[in-house]
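First the structure, in the form of structure tokens, and then the observations on it.
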Amino acid sequence: MTTTAPVASPVDFAAYGDYTIKAATRPDGSFERPLYGFRDRVTADGSGGYPAEPGRYHLYVSLACPWAHRSVIVRALLGLEDVVSMSVVDPVRDGRGWAFREGPGHGPDDLNGFTLLREAYEATEPGYDGHVSVPVLWDRRTRRIVSNNFPDISLDLGQAFARWARPGIDLYPEDLREDIDALNERVYADVNNGVYKCGFAESQEAYDAAVKTLFTALDELEERLASRRYLFGDRLTEADVRLWVTLARFDTVYVTHFKANLRRLADYPNLWRYARDLYANPAFGGTTNFDHIKRHYYGTHPKINPLRIVPAGPVIDWSL
């Protein structure tokens with residue numbers, strides 16, 4: 001489709017430098033994720049201030065980012081592509097942050113004509129000076145960000161839009177919510193964010209603690225999956241979506257780039273079988289762009305990879 005929407009100028013690290021995450025630094029050198037300040041909710045009845053309506057909301061995502069990938073997977077699983085529209089940013093960002101450019105798997109913002117995602121934040125909060133993250137859930141009617149809090153966005157897609165969703169899928173069933181929440185909390189702290197704690201550690205002690213915690217959690221998940229297809233038996237849930245986005249990136253970037261290398265995902269028979277089983281589902285495998293993933297991680301973390309060389313491998317067979 002031909003578009004006249006503007007795009008950002010090419011990535012230019014010499015002119016704009018590197019994007020800096022605005023987050024506190026802990027004295028022990030351990031990584032601390034920044035806060036996500038927009039936390040309104042979309043609900044079926046509008047009680048959260050934003051009622052679910054077809055065509056009203058828009059997702060801004062990066063296919064490289066695991067937090068955004070969750071929302072993309074849930075949208076595809078539930079068949080909401082015609083209900084909630086979506087734009088994909090360039091996986092490589094310079095000091096201006098996430099940007100809209102023409103390229104394989106990404107393009108202009110045909111909704112608002114933003115060239116930088118920061119413009120959505122500034123339209124919502126003039127003078128905004130915080131962290132610019134994906135995913136972003138945008139409201140066409142009020143022309144502002146509803147949320148950039150990634151856990152809420154995937155939950156709201158799954159719950160608030162249920163009447164327009166593909167039948168037979170409930171990623172957050174009532175009878176499992178307490179257990180899902182408990183597992184999600186552990187997986188977030190020790191696995192999803194755990195790989196970042198390894199990669200962004202600024203002391204040997206912080207790295208050693210992070211890598212031990214990460215692989216202890218993976219060992220436990222390996223055991224959990226020994227006798228079940230998904231984390232909760234035969235029922236695909238929000239918990240599987242949240243774990244999978246980290247597993248999808250594990251051997252491709254986290255083992256080398258983040259030094260999360262005690263073991264590869266492929267060294268875990270149950271986790272590897274589980275990850276490939278999910279990859280066979282088009283909502284998972286069909287939304288996974290390893291080119292975006294590799295170029296983003298290896299190209300935009302200069303403290304870890306100062307020459308920005310993107311490796312050719314690894315070659316991974318995701319087929320069952």
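For the structure tokens, the naming scheme is as follows: chains receive sequential letters (A, B, ...) according to their order of presentation, residues are indexed from 1 within each chain, and ligands are indexed from 1 in presentation order.
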
*In range 185-308 of chain A, what's alpha helix (DSSP H) per DSSP? Answer as number ranges by chain?*
A: 185-187, 194-199, 204-224, 238-249, 255-257, 269-279, 282-285, 290-299

Within 10 Å of Asp170 in chain A, counting only C-alpha atoms, which residues qualify if same-chain residues fewer than 3 places away don't, as an mmCIF file with all heavy atoms, in the first residue's frame?
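And here is the file that came out, result-v4.cif:
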data_model
loop_
_atom_site.group_PDB
_atom_site.id
_atom_site.type_symbol
_atom_site.label_atom_id
_atom_site.label_comp_id
_atom_site.auth_asym_id
_atom_site.auth_seq_id
_atom_site.Cartn_x
_atom_site.Cartn_y
_atom_site.Cartn_z
ATOM 1 N N LEU A 78 -6.086 -13.921 19.516
ATOM 2 C CA LEU A 78 -7.512 -13.644 19.653
ATOM 3 C C LEU A 78 -8.155 -13.172 18.358
ATOM 4 O O LEU A 78 -9.363 -12.941 18.315
ATOM 5 C CB LEU A 78 -7.734 -12.607 20.762
ATOM 6 C CG LEU A 78 -7.279 -13.043 22.156
ATOM 7 C CD1 LEU A 78 -7.461 -11.916 23.157
ATOM 8 C CD2 LEU A 78 -8.041 -14.275 22.627
ATOM 9 N N GLY A 158 -6.876 -9.259 26.057
ATOM 10 C CA GLY A 158 -7.486 -10.568 26.230
ATOM 11 C C GLY A 158 -8.839 -10.543 26.907
ATOM 12 O O GLY A 158 -9.684 -11.413 26.644
ATOM 13 N N GLN A 159 -9.073 -9.558 27.764
ATOM 14 C CA GLN A 159 -10.304 -9.536 28.543
ATOM 15 C C GLN A 159 -11.337 -8.543 28.000
ATOM 16 O O GLN A 159 -12.493 -8.882 27.774
ATOM 17 C CB GLN A 159 -9.983 -9.195 30.008
ATOM 18 C CG GLN A 159 -9.086 -10.222 30.691
ATOM 19 C CD GLN A 159 -9.683 -11.603 30.705
ATOM 20 O OE1 GLN A 159 -10.774 -11.810 31.211
ATOM 21 N NE2 GLN A 159 -8.969 -12.568 30.123
ATOM 22 N N ALA A 162 -13.071 -9.374 24.534
ATOM 23 C CA ALA A 162 -13.470 -10.781 24.390
ATOM 24 C C ALA A 162 -14.637 -10.968 23.424
ATOM 25 O O ALA A 162 -14.708 -11.971 22.708
ATOM 26 C CB ALA A 162 -13.818 -11.360 25.762
ATOM 27 N N ALA A 165 -13.335 -11.339 20.001
ATOM 28 C CA ALA A 165 -12.206 -12.251 19.867
ATOM 29 C C ALA A 165 -12.616 -13.596 19.289
ATOM 30 O O ALA A 165 -13.792 -13.971 19.300
ATOM 31 C CB ALA A 165 -11.539 -12.457 21.221
ATOM 32 N N ARG A 166 -11.629 -14.307 18.804
ATOM 33 C CA ARG A 166 -11.824 -15.673 18.332
ATOM 34 C C ARG A 166 -12.378 -16.518 19.477
ATOM 35 O O ARG A 166 -11.837 -16.479 20.592
ATOM 36 C CB ARG A 166 -10.487 -16.223 17.836
ATOM 37 C CG ARG A 166 -10.542 -17.599 17.221
ATOM 38 C CD ARG A 166 -9.186 -18.000 16.685
ATOM 39 N NE ARG A 166 -8.818 -17.230 15.489
ATOM 40 C CZ ARG A 166 -7.769 -16.432 15.407
ATOM 41 N NH1 ARG A 166 -6.971 -16.272 16.445
ATOM 42 N NH2 ARG A 166 -7.502 -15.787 14.280
ATOM 43 N N PRO A 167 -13.447 -17.261 19.269
ATOM 44 C CA PRO A 167 -14.066 -18.013 20.371
ATOM 45 C C PRO A 167 -13.174 -19.145 20.883
ATOM 46 O O PRO A 167 -12.326 -19.667 20.159
ATOM 47 C CB PRO A 167 -15.350 -18.572 19.744
ATOM 48 C CG PRO A 167 -15.090 -18.591 18.277
ATOM 49 C CD PRO A 167 -14.185 -17.438 18.000
ATOM 50 N N PRO A 173 -8.167 -17.245 32.612
ATOM 51 C CA PRO A 173 -9.405 -17.798 33.163
ATOM 52 C C PRO A 173 -9.537 -17.532 34.662
ATOM 53 O O PRO A 173 -8.548 -17.530 35.396
ATOM 54 C CB PRO A 173 -9.280 -19.297 32.882
ATOM 55 C CG PRO A 173 -7.814 -19.533 32.710
ATOM 56 C CD PRO A 173 -7.253 -18.285 32.117
ATOM 57 N N GLU A 174 -10.769 -17.301 35.084
ATOM 58 C CA GLU A 174 -11.053 -16.939 36.474
ATOM 59 C C GLU A 174 -10.448 -17.927 37.465
ATOM 60 O O GLU A 174 -9.856 -17.538 38.470
ATOM 61 C CB GLU A 174 -12.565 -16.855 36.692
ATOM 62 C CG GLU A 174 -13.239 -15.681 35.991
ATOM 63 C CD GLU A 174 -13.396 -14.477 36.904
ATOM 64 O OE1 GLU A 174 -12.881 -14.505 38.032
ATOM 65 O OE2 GLU A 174 -14.046 -13.510 36.474
ATOM 66 N N ARG A 235 -3.896 -25.960 29.020
ATOM 67 C CA ARG A 235 -4.542 -24.668 28.807
ATOM 68 C C ARG A 235 -3.499 -23.596 28.524
ATOM 69 O O ARG A 235 -2.663 -23.278 29.370
ATOM 70 C CB ARG A 235 -5.399 -24.292 30.026
ATOM 71 C CG ARG A 235 -6.461 -25.327 30.322
ATOM 72 C CD ARG A 235 -7.090 -25.139 31.683
ATOM 73 N NE ARG A 235 -8.011 -24.017 31.723
ATOM 74 C CZ ARG A 235 -8.739 -23.709 32.808
ATOM 75 N NH1 ARG A 235 -8.635 -24.432 33.915
ATOM 76 N NH2 ARG A 235 -9.566 -22.687 32.770
ATOM 77 N N LEU A 236 -3.548 -23.053 27.331
ATOM 78 C CA LEU A 236 -2.664 -21.949 26.950
ATOM 79 C C LEU A 236 -3.136 -20.689 27.660
ATOM 80 O O LEU A 236 -4.304 -20.310 27.558
ATOM 81 C CB LEU A 236 -2.715 -21.753 25.433
ATOM 82 C CG LEU A 236 -1.867 -20.628 24.835
ATOM 83 C CD1 LEU A 236 -0.381 -20.899 25.060
ATOM 84 C CD2 LEU A 236 -2.174 -20.471 23.355
ATOM 85 N N THR A 237 -2.236 -20.022 28.387
ATOM 86 C CA THR A 237 -2.622 -18.862 29.175
ATOM 87 C C THR A 237 -1.653 -17.696 28.958
ATOM 88 O O THR A 237 -0.614 -17.821 28.288
ATOM 89 C CB THR A 237 -2.660 -19.184 30.685
ATOM 90 O OG1 THR A 237 -1.307 -19.385 31.147
ATOM 91 C CG2 THR A 237 -3.510 -20.413 30.979
ATOM 92 N N GLU A 238 -2.008 -16.589 29.581
ATOM 93 C CA GLU A 238 -1.170 -15.394 29.588
ATOM 94 C C GLU A 238 0.243 -15.721 30.069
ATOM 95 O O GLU A 238 1.224 -15.130 29.598
ATOM 96 C CB GLU A 238 -1.811 -14.339 30.500
ATOM 97 C CG GLU A 238 -1.012 -13.093 30.744
ATOM 98 C CD GLU A 238 -1.120 -12.050 29.651
ATOM 99 O OE1 GLU A 238 -2.044 -12.149 28.818
ATOM 100 O OE2 GLU A 238 -0.285 -11.128 29.637
#

_Polymer residues at most 7 Å from Phe150 in chain A, only C-alpha atoms, same-chain spacing of 3 or more positions, as number ranges by chain_ = A: 67-68, 135, 153-154

Give me the residues of range 19-118 of chain A that have any atom at most 6 Å from an atom of range 271-292 of chain A; for each, the nearest atom pair and the distance in Å, rounded to one decimal. Use only C-alpha atoms, sort by chain and number, and format it as CSV.
residue,atom,partner,partner_atom,distance
A:Ala64,CA,A:His292,CA,5.1
A:Ile73,CA,A:Ala283,CA,5.3
A:Ala76,CA,A:Ala283,CA,5.1
A:Leu77,CA,A:Ala283,CA,5.3
A:Pro91,CA,A:His292,CA,5.4

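Distance-wise, CA of Val74 in chain A and CA of Arg143 in chain A end up 23.4 Å apart.
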
*Would you mind listing what lies within 7 Å of Pro54 in chain A as a list in words, with only C-alpha atoms counted and same-chain residues fewer than 2 positions away left out?*
Ala52, Arg56, Val83 and Val84 of chain A

Once you have the residues from the selection above, write them out as a PDB file, in the first residue's frame, restricted to C-alpha atoms.
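The file below, out-v7.pdb, is the result:
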ATOM      1  CA  ALA A  52     -13.519  -1.433  24.526  1.00  0.00           C
ATOM      2  CA  ARG A  56     -10.926   2.891  18.589  1.00  0.00           C
ATOM      3  CA  VAL A  83     -10.389  -4.592  15.961  1.00  0.00           C
ATOM      4  CA  VAL A  84      -7.134  -3.033  17.223  1.00  0.00           C
TER       5      VAL A  84
END

_One decimal, in Å: what's the spacing between CA of Val61 in chain A and CA of Leu117 in chain A?_
9.7 Å

*Rank nothing, just name the residue among A:Asp234, A:Glu202, A:Asp90, A:Asp240 nearest to His296 in chain A, using only C-alpha atoms.*
A:Asp90

*Long-range neighbours of range 34-50 of chain A as a PyMOL selection string, 9 Å cut-off, only C-alpha atoms, 4 positions minimum in chain*: chain A and resi 21-24+130-133+139+145-150+152-153+156-157+159-163

*For Val241 in chain A, which residue out of A:Gly127, A:Arg70, A:Asn192, A:Glu81 is the nearest one, using only C-alpha atoms?*
A:Arg70

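Taking only C-alpha atoms into account, Arg228 in chain A lies nearest to A:Asn270 out of the set A:Gly105, A:Leu116, A:Thr20, A:Asn270.
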
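Distances from A:Val136, A:Leu111, A:Val92, A:Val187 to Thr216 in chain A were compared using only C-alpha atoms, and the smallest one belongs to A:Val187.
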
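Between CA of Gly299 in chain A and CA of Gly103 in chain A the interatomic distance comes to 15.8 Å.
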
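Among A:Phe215, A:Phe250, A:Trp244, A:Tyr207, the residue with the shortest atom-to-atom distance to Asp28 in chain A, counting only C-alpha atoms, is A:Tyr207.
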